[in-house]
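J.: Dropping a structure here in structure tokens format, bear with me for questions.
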4 protein chains.
Amino acid sequence: MTPSGATARAWRRDLHRHPEVGFTEFRTASLVAARLAELGWEVTAGHAALDSAARLGVPDDDVLARAYDRAGADGGDARWLEALRGGHTGVVATLRGAAPGPTVALRADIDALPIHESNDPTHVPARDGHRSRYDGAMHACGHDGHVGMAVELAERLGAAPPPAGTVRLVFQPAEEGGRGAAAMVPAGVVDDVDVLLAAHLGIGLASGTVAASVDGLLANTKLRATFHGRSAHAAMAPHEGRSALLAAAAAVLAVHAVAPFPGHETRTAVGAVHGGTSSNIVPDRAEMLLETRADDGEVNAEIEARVRRALEGAAATYDATVTVERIGAVTTARADEAAADVVRRAAAATGLEVVVPTAELGVASDDATALMRRVQTRGGVATYLAIGSDLPGAHHTSTFDLDEAVLGPGVDLLEHAVRAALTGSPRRPAGPGRAAP
Amino acid sequence: MTPSGATARAWRRDLHRHPEVGFTEFRTASLVAARLAELGWEVTAGHAALDSAARLGVPDDDVLARAYDRAGADGGDARWLEALRGGHTGVVATLRGAAPGPTVALRADIDALPIHESNDPTHVPARDGHRSRYDGAMHACGHDGHVGMAVELAERLGAAPPPAGTVRLVFQPAEEGGRGAAAMVPAGVVDDVDVLLAAHLGIGLASGTVAASVDGLLANTKLRATFHGRSAHAAMAPHEGRSALLAAAAAVLAVHAVAPFPGHETRTAVGAVHGGTSSNIVPDRAEMLLETRADDGEVNAEIEARVRRALEGAAATYDATVTVERIGAVTTARADEAAADVVRRAAAATGLEVVVPTAELGVASDDATALMRRVQTRGGVATYLAIGSDLPGAHHTSTFDLDEAVLGPGVDLLEHAVRAALTGSPRRPAGPGRAAP
Amino acid sequence: MTPSGATARAWRRDLHRHPEVGFTEFRTASLVAARLAELGWEVTAGHAALDSAARLGVPDDDVLARAYDRAGADGGDARWLEALRGGHTGVVATLRGAAPGPTVALRADIDALPIHESNDPTHVPARDGHRSRYDGAMHACGHDGHVGMAVELAERLGAAPPPAGTVRLVFQPAEEGGRGAAAMVPAGVVDDVDVLLAAHLGIGLASGTVAASVDGLLANTKLRATFHGRSAHAAMAPHEGRSALLAAAAAVLAVHAVAPFPGHETRTAVGAVHGGTSSNIVPDRAEMLLETRADDGEVNAEIEARVRRALEGAAATYDATVTVERIGAVTTARADEAAADVVRRAAAATGLEVVVPTAELGVASDDATALMRRVQTRGGVATYLAIGSDLPGAHHTSTFDLDEAVLGPGVDLLEHAVRAALTGSPRRPAGPGRAAP
Amino acid sequence: MTPSGATARAWRRDLHRHPEVGFTEFRTASLVAARLAELGWEVTAGHAALDSAARLGVPDDDVLARAYDRAGADGGDARWLEALRGGHTGVVATLRGAAPGPTVALRADIDALPIHESNDPTHVPARDGHRSRYDGAMHACGHDGHVGMAVELAERLGAAPPPAGTVRLVFQPAEEGGRGAAAMVPAGVVDDVDVLLAAHLGIGLASGTVAASVDGLLANTKLRATFHGRSAHAAMAPHEGRSALLAAAAAVLAVHAVAPFPGHETRTAVGAVHGGTSSNIVPDRAEMLLETRADDGEVNAEIEARVRRALEGAAATYDATVTVERIGAVTTARADEAAADVVRRAAAATGLEVVVPTAELGVASDDATALMRRVQTRGGVATYLAIGSDLPGAHHTSTFDLDEAVLGPGVDLLEHAVRAALTGSPRRPAGPGRAAP
């Protein structure tokens with residue numbers, strides 16, 4: 001028998017070599033769908049797994065097309081690729097037990113980040129040959145590990161299906177930026193879920209530890225602001241130009257000057273500005289990517305309002321205009337004690353140490369919260385759990401790497417939790433709208 | 001016989017459809033070289049026409065390689081392309097009369113701009129089918145017309161060579177940004193020139209007029225500033241990041257706040273900022289293109305010093321660093337009355353009205369000044385002349401277009417001026433270092 | 001007998017009418033000293049009560065002189081004024097019981113704020129005639145109430161001295177800005193204190209409630225930054241000027257862009273900028289008042305370092321220089337459970353409700369922490385307690401006002417706590433340096 | 001007889017010791033009025049000499065009152081002070097010849113600047129005892145010399161009145177900032193003037209030279225912008241504050257980023273920002289003094305529009321508001337050749353060298369242009385002339401000083417010009433509205 005963690009590691013390394021950013025996970029999703037179908041799971045993908053119109057921040061058509069072609073050339077599974085075309089890269093797999101019972105779901109996010117991976121010889125993926133083959137893309141948040149663990153879990157459950165109840169695996173695209181979960185919710189993929197587990201590797205916990213619930217996830221809004229000015233020759237007619245970059249520069253400073261809210265974690269950040277082509281042309285267009293966060297949805301909404309006002313004001317200052325598009329949105333969510341308890345018991349059973357997350361842990365965001373809220377709204381329970389992994393470099397940096405030794409115990413934990421939840425959880429009462437996806 | 005202006009117009013339209021920005025003019029230069037060789041001119045190109053190391057602001061190798069391949073695919077002349085590889089896109093052609101005599105040169109710049117051409121039906125190139133085929137590149141400063149006129153001039157002179165003296169056509173790459181002339185000067189292409197004419201279409205003059213000398217050309221320095229910070233997760237560890245974009249934003253504002261110098265035309269401009277990839281990563285790198293200008297070289301040097309100080313200070317403010325590279329440099333130059341007089345007499349002979357340029361005319365820069373200064377240093381005379389053209393849109397904008405009716409009269413003017421200069425100009429005394437290129 | 005709170009209210013109203021900002025509390029301190037001496041307390045004031053050189057942010061000599069003269073004219077006590085001259089406005093009063101015993105101290109801060117008090121008829125001090133008579137100064141943080149309560153407490157204790165132990169009242173100048181306590185510590189005024197109580201009215205608690213300890217006080221650094229440029233005629237020679245205001249403006253934006261520290265309350269703020277005299281003179285000088293805060297001293301130190309870097313960088317950006325002076329510094333401190341317990345018991349005895357302060361409560365700073373740390377270092381215990389008061393306007397705003405009904409219960413609470421502490425507290429072991437001030 | 005220049009020098013030194021800024025020239029104006037009345041001139045002052053409501057940028061009442069009191073204490077003439085109260089500090093004096101004839105006027109501006117005079121021993125006024133006695137005020141533009149020359153001229157003409165025609169001396173307050181002339185025009189003080197001479201000392205010309213006309217005077221608009229935010233405790237409730245200083249800081253940078261207009265001298269400048277009182281209070285108010293200039297009235301109007309837009313936008317960026325008040329306005333004007341010719345002839349007669357002003361000379365502004373335009377509109381002629389003076393320090397700096405040796409020749413020149421104009425100038429035809437003031 002394959003040793004625990006072997007499948008997870010093999011998948012993780014393959015995906016690490018082929019990182020695909022949000023909504024371009026054609027290769028990843030097609031391989032996952034193909035493998036789970038082989039393993040006997042019911043698989044849906046593409047439009048059936050997500051609501052096309054509800055996606056946020058979808059890349060341009062030509063970006064999608066290039067990524068799609070690359071996936072075909074790099075070993076994507078042709079049987080599933082067509083369904084995913086155009087950035088419909090969600091996959092949902094279901095395994096039904098012989099008898100009725102609760103529905104237990106695990107969410108695994110599948111996307112990579114637009115980061116250039118380190119080529120330093122001390123960086124293990126560089127040393128061992130699984131460094132990203134795609135320049136400027138990298139699995140720098142461990143989602144490759146999430147997929148690897150979910151696939152190994154699927155193998156184990158497929159080989160020994162639970163006697164009762166249903167297991168659902170939700171492979172979600174575009175977690176980064178908070179763009180994918182919002183599209184899977186309206187597709188109903190968790191509408192019948194009684195217990196939802198959303199697991200993340202790393203985030204500050206040491207190898208060998210588990211946090212059964214992480215409650216400090218921040219609400220997060222991601223915006224694309226496009227400043228429009230008027231171009232002119234910078235030397236012959238500067239007075240006829242209106243620089244979109246002057247507006248953007250003033251906006252960068254203003255966005256970072258939004259005041260803190262006492263008692264709250266809050267953030268504003270400009271992550272990118274791109275404008276202009278040549279030193280002698282007044283730039284008529286500049287695009288900015290920015291975000292706001294807070295540990296409270298209303299505070300985040302207020303901060304978003306202030307940021308939008310700052311963008312408008314900065315544009316007006318330089319006689320430019322700005323259009324602002326929301327390209328990502330993540331809410332907050334609270335873990336249910338009942339779901340966290342399942343995790344705690346699974347940790348005890350599999351020898352992992354349960355730790356309480358520190359304040360520093362929870363300051364990221366994850367749009368798993370949208371799935372969690374949906375489950376909770378419909379009567380189920382949910383938790384966001386963290387599986388510790390020592391990290392040589394921080395999340396979202398070029399030297400991030402997983403401790404692969406945690407993958408096997410991680411799958412053990414998840415398997416135990418899923419099986420326990422199937423047995424121990426009360427089913428929610430059936431009701432209108434409750435149906436498998 | 002071909003009507004006056006027909007060749008110029010045909011070439012201009014072909015080049016307008018195939019605009020190539022600085023140092024990527026592979027198709028343009030190869031076609032020019034091939035045609036002039038056919039016409040019996042001595043032609044040199046590539047390393048023989050410019051000093052490779054003296055080029056400023058050469059694009060990255062992959063940009064050069066892609067443009068080179070495109071030129072081959074789009075009809076570039078295979079006999080000349082190889083010499084131009086790697087961004088050596090200068091061409092020099094010489095026609096010698098039977099008897100010795102003065103050397104008269106015309107400089108034609110050949111590069112396009114990184115501007116997206118208008119597709120409005122009222123824009124004549126869009127309407128008539130010679131709009132740019134290359135997205136994001138456009139002949140928006142009339143250099144296509146300069147080349148067209150020079151080729152037609154070459155035809156006429158080739159068909160009826162002057163009895164005495166030498167004619168030189170200098171096809172210069174990368175005028176935009178002030179990057180090409182500096183490389184042709186050390187190659188010696190104007191070292192033996194007695195009279196240099198550098199002609200520009202448009203620049204504020206109406207069709208049917210000529211300015212025999214334009215003296216207000218501004219000194220110009222182009223810089224690329226690269227800000228380096230430290231990346232971090234914008235929500236989990238903002239305090240560990242150092243935003244290169246905050247530094248760049250402060251720099252944009254500071255560069256535009258450099259004080260004017262009474263009695264001088266001065267300019268500072270940031271034309272482009274590119275930094276960051278994602279809203280949730282503190283950007284560790286931002287690149288800026290900027291420039292300074294002044295009607296006096298010392299004032300421009302002082303402004304450059306202030307701009308560099310502003311860049312350094314802005315970086316330090318946000319605990320970032322900045323590296324500054326000079327990617328273009330243009331000096332000022334004065335026209336010689338003897339050279340301007342040749343133009344005035346040619347205008348009178350060909351029915352064009354001589355006008356005195358207004359203050360607004362001369363505020364651009366042109367690195368023809370480097371060639372002019374070289375000629376003047378070695379005892380020759382030079383002028384920068386303007387051939388009027390009504391313009392529907394300003395230089396360096398997406399609706400720029402030439403009045404093609406001025407091309408024929410323009411060639412008439414240039415032919416007359418060249419022939420007159422060959423006859424009427426004193427030869428400079430021969431001396432050390434005086435030799436044909 | 002005078003009803004409880006009557007003396008406190010009378011003093012409070014008189015002081016409210018005569019607000020004196022930090023180190024100019026000549027009238028206030030002289031009246032307090034005179035009254036406590038009358039009541040039989042040992043009183044020291046001026047150089048005996050604070051270390052002159054350890055004061056931070058002392059006003060200019062002429063400001064001190066004008067305030068001193070005003071105090072004399074407005075009823076300051078001539079017997080004590082001379083000792084206070086030059087901004088030595090601390091007063092310490094001691095009452096010794098018949099028998100030895102512990103030393104219990106209460107700190108009352110005495111200074112007002114540079115705020116223009118509301119003259120709105122709905123503002124009670126305006127309606128009832130005790131609005132500030134001094135334009136631009138106002139008791140907008142309740143220190144007038146602190147002094148009033150302390151004086152009434154002195155009356156009560158003077159009338160019925162405790163049988164054993166010592167009571168000390170520390171009237172501290174210049175709490176605002178964190179400037180006075182640092183000067184009283186080296187004068188030894190709390191070196192022999194076993195139990196220190198520092199009380200504040202308001203700060204978010206309702207009338208009738210008490211918080212026995214407030215632990216979230218922020219470390220705080222106050223800076224004065226002076227930017228130096230070069231003046232010039234703004235129209236005739238702008239290029240010869242170096243604007244201190246451009247530098248200051250860039251600094252304002254940079255100070256507000258310092259990143260948050262996850263898990264910490266942090267603040268940066270520019271509170272004032274003053275520079276320039278005339279629109280046509282490039283301003284050569286601009287003065288800025290700013291501050292940093294954090295709930296952790298090391299974090300505050302790091303933020304101060306970043307702010308200083310930002311000030312330097314902004315100055316350099318505009319070819320100016322900056323000098324930065326620390327004009328206030330407040331550390332954090334933790335309450336001792338033993339001291340808080342005294343307060344809780346006193347609250348129970350006097351019918352006030354004990355509440356637990358919310359996160360929002362503790363985000364201010366108070367340099368009482370310097371006194372607390374000193375007491376703790378020498379073996380005593382301390383707490384910072386809050387006595388609730390409904391407020392029509394927030395602290396530090398023009399409509400701030402105390403609910404005077406809380407003054408009597410407040411004195412009851414303090415009296416009870418002091419008497420209980422005298423009885424119930426263990427004396428610290430005597431040791432080197434332990435002596436009354 | 002008093003040597004030429006002696007009176008001018010004595011007055012100049014007295015006024016230099018007692019500099020009074022715009023609309024506070026109580027001592028200056030009262031002394032001038034008293035002396036000219038003694039000399040037999042018809043004198044009007046106060047409301048009769050200027051339109052109270054048309055004054056721009058009048059200081060606050062308490063500033064006016066303090067200056068008025070000081071003037072009384074420092075030797076102001078009590079007979080005239082009352083008429084000047086409240087900032088009505090204009091004086092007009094008229095001397096009528098026996099016979100009718102043209103009216104010739106000289107304008108002398110009388111105000112000082114808010115500059116702290118150098119106390120360096122190399123600064124002649126400091127060395128010789130006529131340094132400013134008023135801290136923060138200084139005659140740093142030579143108006144003390146203008147008044148001195150005008151008084152000596154009045155003595156000479158009073159002693160030997162012209163046989164025909166009328167001479168008018170216009171002593172104008174508040175030239176700095178362009179605030180006084182606009183108020184004298186509607187009072188009609190130049191409505192009957194046939195020839196107006198406005199003279200300025202220094203401005204770049206060497207001692208012994210004269211410029212008969214200075215044409216490059218810039219249009220100038222002076223603004224006071226007041227930003228309104230909301231105050232809050234910077235640590236306890238920063239999110240409730242709206243910083244007027246953040247808005248002002250962004251505005252400072254934006255005002256200085258207004259683009260130049262090719263072919264024009266243009267200026268924008270922020271000269272002062274004052275806001276906030278304390279580091280821990282979010283400042284709710286900030287006042288800014290700023291200005292725009294251009295060598296063309298329409299360009300200046302466009303720049304003013306852009307500056308106002310920048311102020312509004314910057315305020316909106318930080319959720320603040322701004323009110324903008326125009327506190328000074330100066331137009332451009334052209335000299336009449338007939339008036340300049342009078343000066344040239346006077347220079348020839350008195351041995352001064354006539355020079356042509358350079359470009360650098362004319363970049364200041366002077367609201368004499370308002371008087372010139374009025375004279376020209378009503379059919380008279382005018383010129384703005386410059387009387388050279390070597391200067392140890394530039395205009396509007398702390399080391400500015402006149403070369404007093406030029407005062408005598410300057411009076412000679414003016415006397416000659418006035419007498420020549422009375423004789424040689426055609427009278428304008430009488431018409432409606434033409435009357436002595």
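Every chain in the structure tokens has a letter given in the order shown (A, B, ...), and although residue numbers restart at 1 in each chain, ligands are simply numbered from 1 in the order shown.
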As a list of chain:residue names, could you give me every residue of chain B near chain C (at most 7 Å apart, counting only C-alpha atoms)?
T.: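 Only these qualify: B:Met236, B:Ala237, B:Pro238, B:His239, B:Ala259, B:Pro260, B:Phe261, B:Pro262, B:Arg309, B:Ala310, B:Leu311, B:Glu312, B:Gly313, B:Ala314, B:Ala316, B:Thr317, B:Tyr318.
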J.: Excluding B:Thr332 and any residue of its chain fewer than 3 positions from it, enumerate the residues within 9 Å of it, using only C-alpha atoms, and give them as a ChimeraX atom specification.
T.: /B:215-220,294-297,365-367,369-370,373
J.: Could you give me, as a PyMOL selection string, each residue of stretch 12-183 of chain D that DSSP assigns to alpha helix (DSSP H) when run on this structure's backbone?
T.: chain D and resi 12-17+26-38+61-73+78-84+124-128+143-159+181-183
J.: Out of B:Val273, B:Thr226, B:Asp336, B:His143, which residue has the shortest atom-to-atom distance to B:Gly379 when counting only C-alpha atoms?
T.: B:Asp336
J.: Interatomic distance between atom CA of C:Glu25 and atom CA of C:Val343?
T.: 29.1 Å
J.: Taking 4 positions as the minimum chain separation for residues in the same chain, which residues sit within 9 Å of C:Leu169 when counting only C-alpha atoms? Answer as a PyMOL selection string.
T.: chain C and resi 91-95+104-108+150+154
J.: Neighbours of D:Leu414 within 10 Å (only C-alpha atoms; same-chain residues fewer than 6 positions away dropped), as a list in words?
T.: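 Non-adjacent residues within range: Leu106, Met149, Ala150, Leu153, Leu197, Ala199, Val342, Val343, Ala346, Ala347, Thr350, Ile387, Gly408 and Ala420 of chain D.
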J.: Keeping only N, CA and C atoms, write those residues as an mmCIF file, in the first residue's frame.
T.:
data_model
loop_
_atom_site.group_PDB
_atom_site.id
_atom_site.type_symbol
_atom_site.label_atom_id
_atom_site.label_comp_id
_atom_site.auth_asym_id
_atom_site.auth_seq_id
_atom_site.Cartn_x
_atom_site.Cartn_y
_atom_site.Cartn_z
ATOM 1 N N LEU D 106 2.577 110.426 -10.013
ATOM 2 C CA LEU D 106 3.584 109.441 -9.630
ATOM 3 C C LEU D 106 2.971 108.554 -8.551
ATOM 4 N N MET D 149 11.765 109.164 -1.872
ATOM 5 C CA MET D 149 11.926 109.942 -3.102
ATOM 6 C C MET D 149 10.694 110.802 -3.380
ATOM 7 N N ALA D 150 9.532 110.239 -3.126
ATOM 8 C CA ALA D 150 8.302 110.995 -3.408
ATOM 9 C C ALA D 150 8.195 112.209 -2.488
ATOM 10 N N LEU D 153 10.582 114.772 -3.741
ATOM 11 C CA LEU D 153 10.002 115.364 -4.949
ATOM 12 C C LEU D 153 8.926 116.379 -4.576
ATOM 13 N N LEU D 197 3.349 107.779 -13.904
ATOM 14 C CA LEU D 197 4.648 107.123 -13.740
ATOM 15 C C LEU D 197 4.595 106.261 -12.479
ATOM 16 N N ALA D 199 7.212 103.986 -10.385
ATOM 17 C CA ALA D 199 8.654 103.724 -10.373
ATOM 18 C C ALA D 199 8.993 102.685 -9.317
ATOM 19 N N VAL D 342 9.174 109.930 -22.118
ATOM 20 C CA VAL D 342 9.400 110.978 -21.110
ATOM 21 C C VAL D 342 10.528 110.545 -20.168
ATOM 22 N N VAL D 343 10.480 109.274 -19.770
ATOM 23 C CA VAL D 343 11.491 108.773 -18.840
ATOM 24 C C VAL D 343 12.868 108.734 -19.502
ATOM 25 N N ALA D 346 14.243 112.120 -19.602
ATOM 26 C CA ALA D 346 14.659 112.570 -18.268
ATOM 27 C C ALA D 346 15.969 111.910 -17.870
ATOM 28 N N ALA D 347 16.123 110.639 -18.221
ATOM 29 C CA ALA D 347 17.362 109.929 -17.900
ATOM 30 C C ALA D 347 18.537 110.591 -18.607
ATOM 31 N N THR D 350 19.500 113.743 -16.923
ATOM 32 C CA THR D 350 20.051 113.668 -15.572
ATOM 33 C C THR D 350 21.230 112.702 -15.471
ATOM 34 N N ILE D 387 14.362 102.142 -11.488
ATOM 35 C CA ILE D 387 15.558 102.930 -11.190
ATOM 36 C C ILE D 387 16.560 101.985 -10.540
ATOM 37 N N GLY D 408 19.153 110.296 -4.641
ATOM 38 C CA GLY D 408 19.218 111.672 -5.176
ATOM 39 C C GLY D 408 19.029 111.694 -6.682
ATOM 40 N N ALA D 420 8.794 117.669 -17.396
ATOM 41 C CA ALA D 420 8.740 117.521 -18.854
ATOM 42 C C ALA D 420 7.354 117.077 -19.303
#
J.: Between B:Ala225, B:Ile203, B:Leu352, B:Ala339, single out the one closest to B:Val322, counting only C-alpha atoms.
T.: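 Comparing B:Ala225, B:Ile203, B:Leu352, B:Ala339 against B:Val322, the winner is B:Ala225.
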J.: To one decimal place in Å, what is the distance between atom CA of D:Leu413 and atom CA of D:Val43?
T.: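 Between atom CA of D:Leu413 and atom CA of D:Val43 the gap works out to 23.7 Å.
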J.: May I ask which of the residues D:Ala174, D:Ala244, D:Ala126, D:Ala286 is the closest one to D:Pro59, counting only C-alpha atoms?
T.: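 Of D:Ala174, D:Ala244, D:Ala126, D:Ala286, the one nearest D:Pro59, counting only C-alpha atoms, is D:Ala174.
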J.: If I take atom CA of B:Cys141 and atom CA of A:Ile281, how far is one from the other in Å, to one decimal?
T.: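 Interatomic distance, atom CA of B:Cys141 to atom CA of A:Ile281: 12.0 Å.
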J.: Which residues come within 9 Å of A:Thr277, counting only C-alpha atoms, excluding same-chain residues fewer than 3 positions away, as JSON, numbers by chain?
T.: {"A": [280, 281, 283], "B": [114, 115, 271, 272, 273, 289]}
J.: What would the file look like if the residues just selected were written as a PDB file, in the first residue's frame with C-alpha atoms?
T.:
ATOM      1  CA  ASN A 280       7.492  62.015 -22.964  1.00  0.00           C
ATOM      2  CA  ILE A 281       3.803  61.226 -23.127  1.00  0.00           C
ATOM      3  CA  PRO A 283      -0.073  59.143 -19.313  1.00  0.00           C
TER       4      PRO A 283
ATOM      5  CA  PRO B 114       4.369  53.243 -28.289  1.00  0.00           C
ATOM      6  CA  ILE B 115       0.918  54.753 -28.867  1.00  0.00           C
ATOM      7  CA  GLY B 271       5.555  59.209 -18.076  1.00  0.00           C
ATOM      8  CA  ALA B 272       5.166  55.727 -16.672  1.00  0.00           C
ATOM      9  CA  VAL B 273       5.060  53.793 -13.430  1.00  0.00           C
ATOM     10  CA  LEU B 289      10.142  56.406 -16.757  1.00  0.00           C
TER      11      LEU B 289
END
J.: Just the residues within 7 Å of A:Asp403, please, counting only C-alpha atoms, with nothing from its chain fewer than 5 positions along; format it as a list in words.
T.: Ser389, Asp390 and Leu391 of chain A
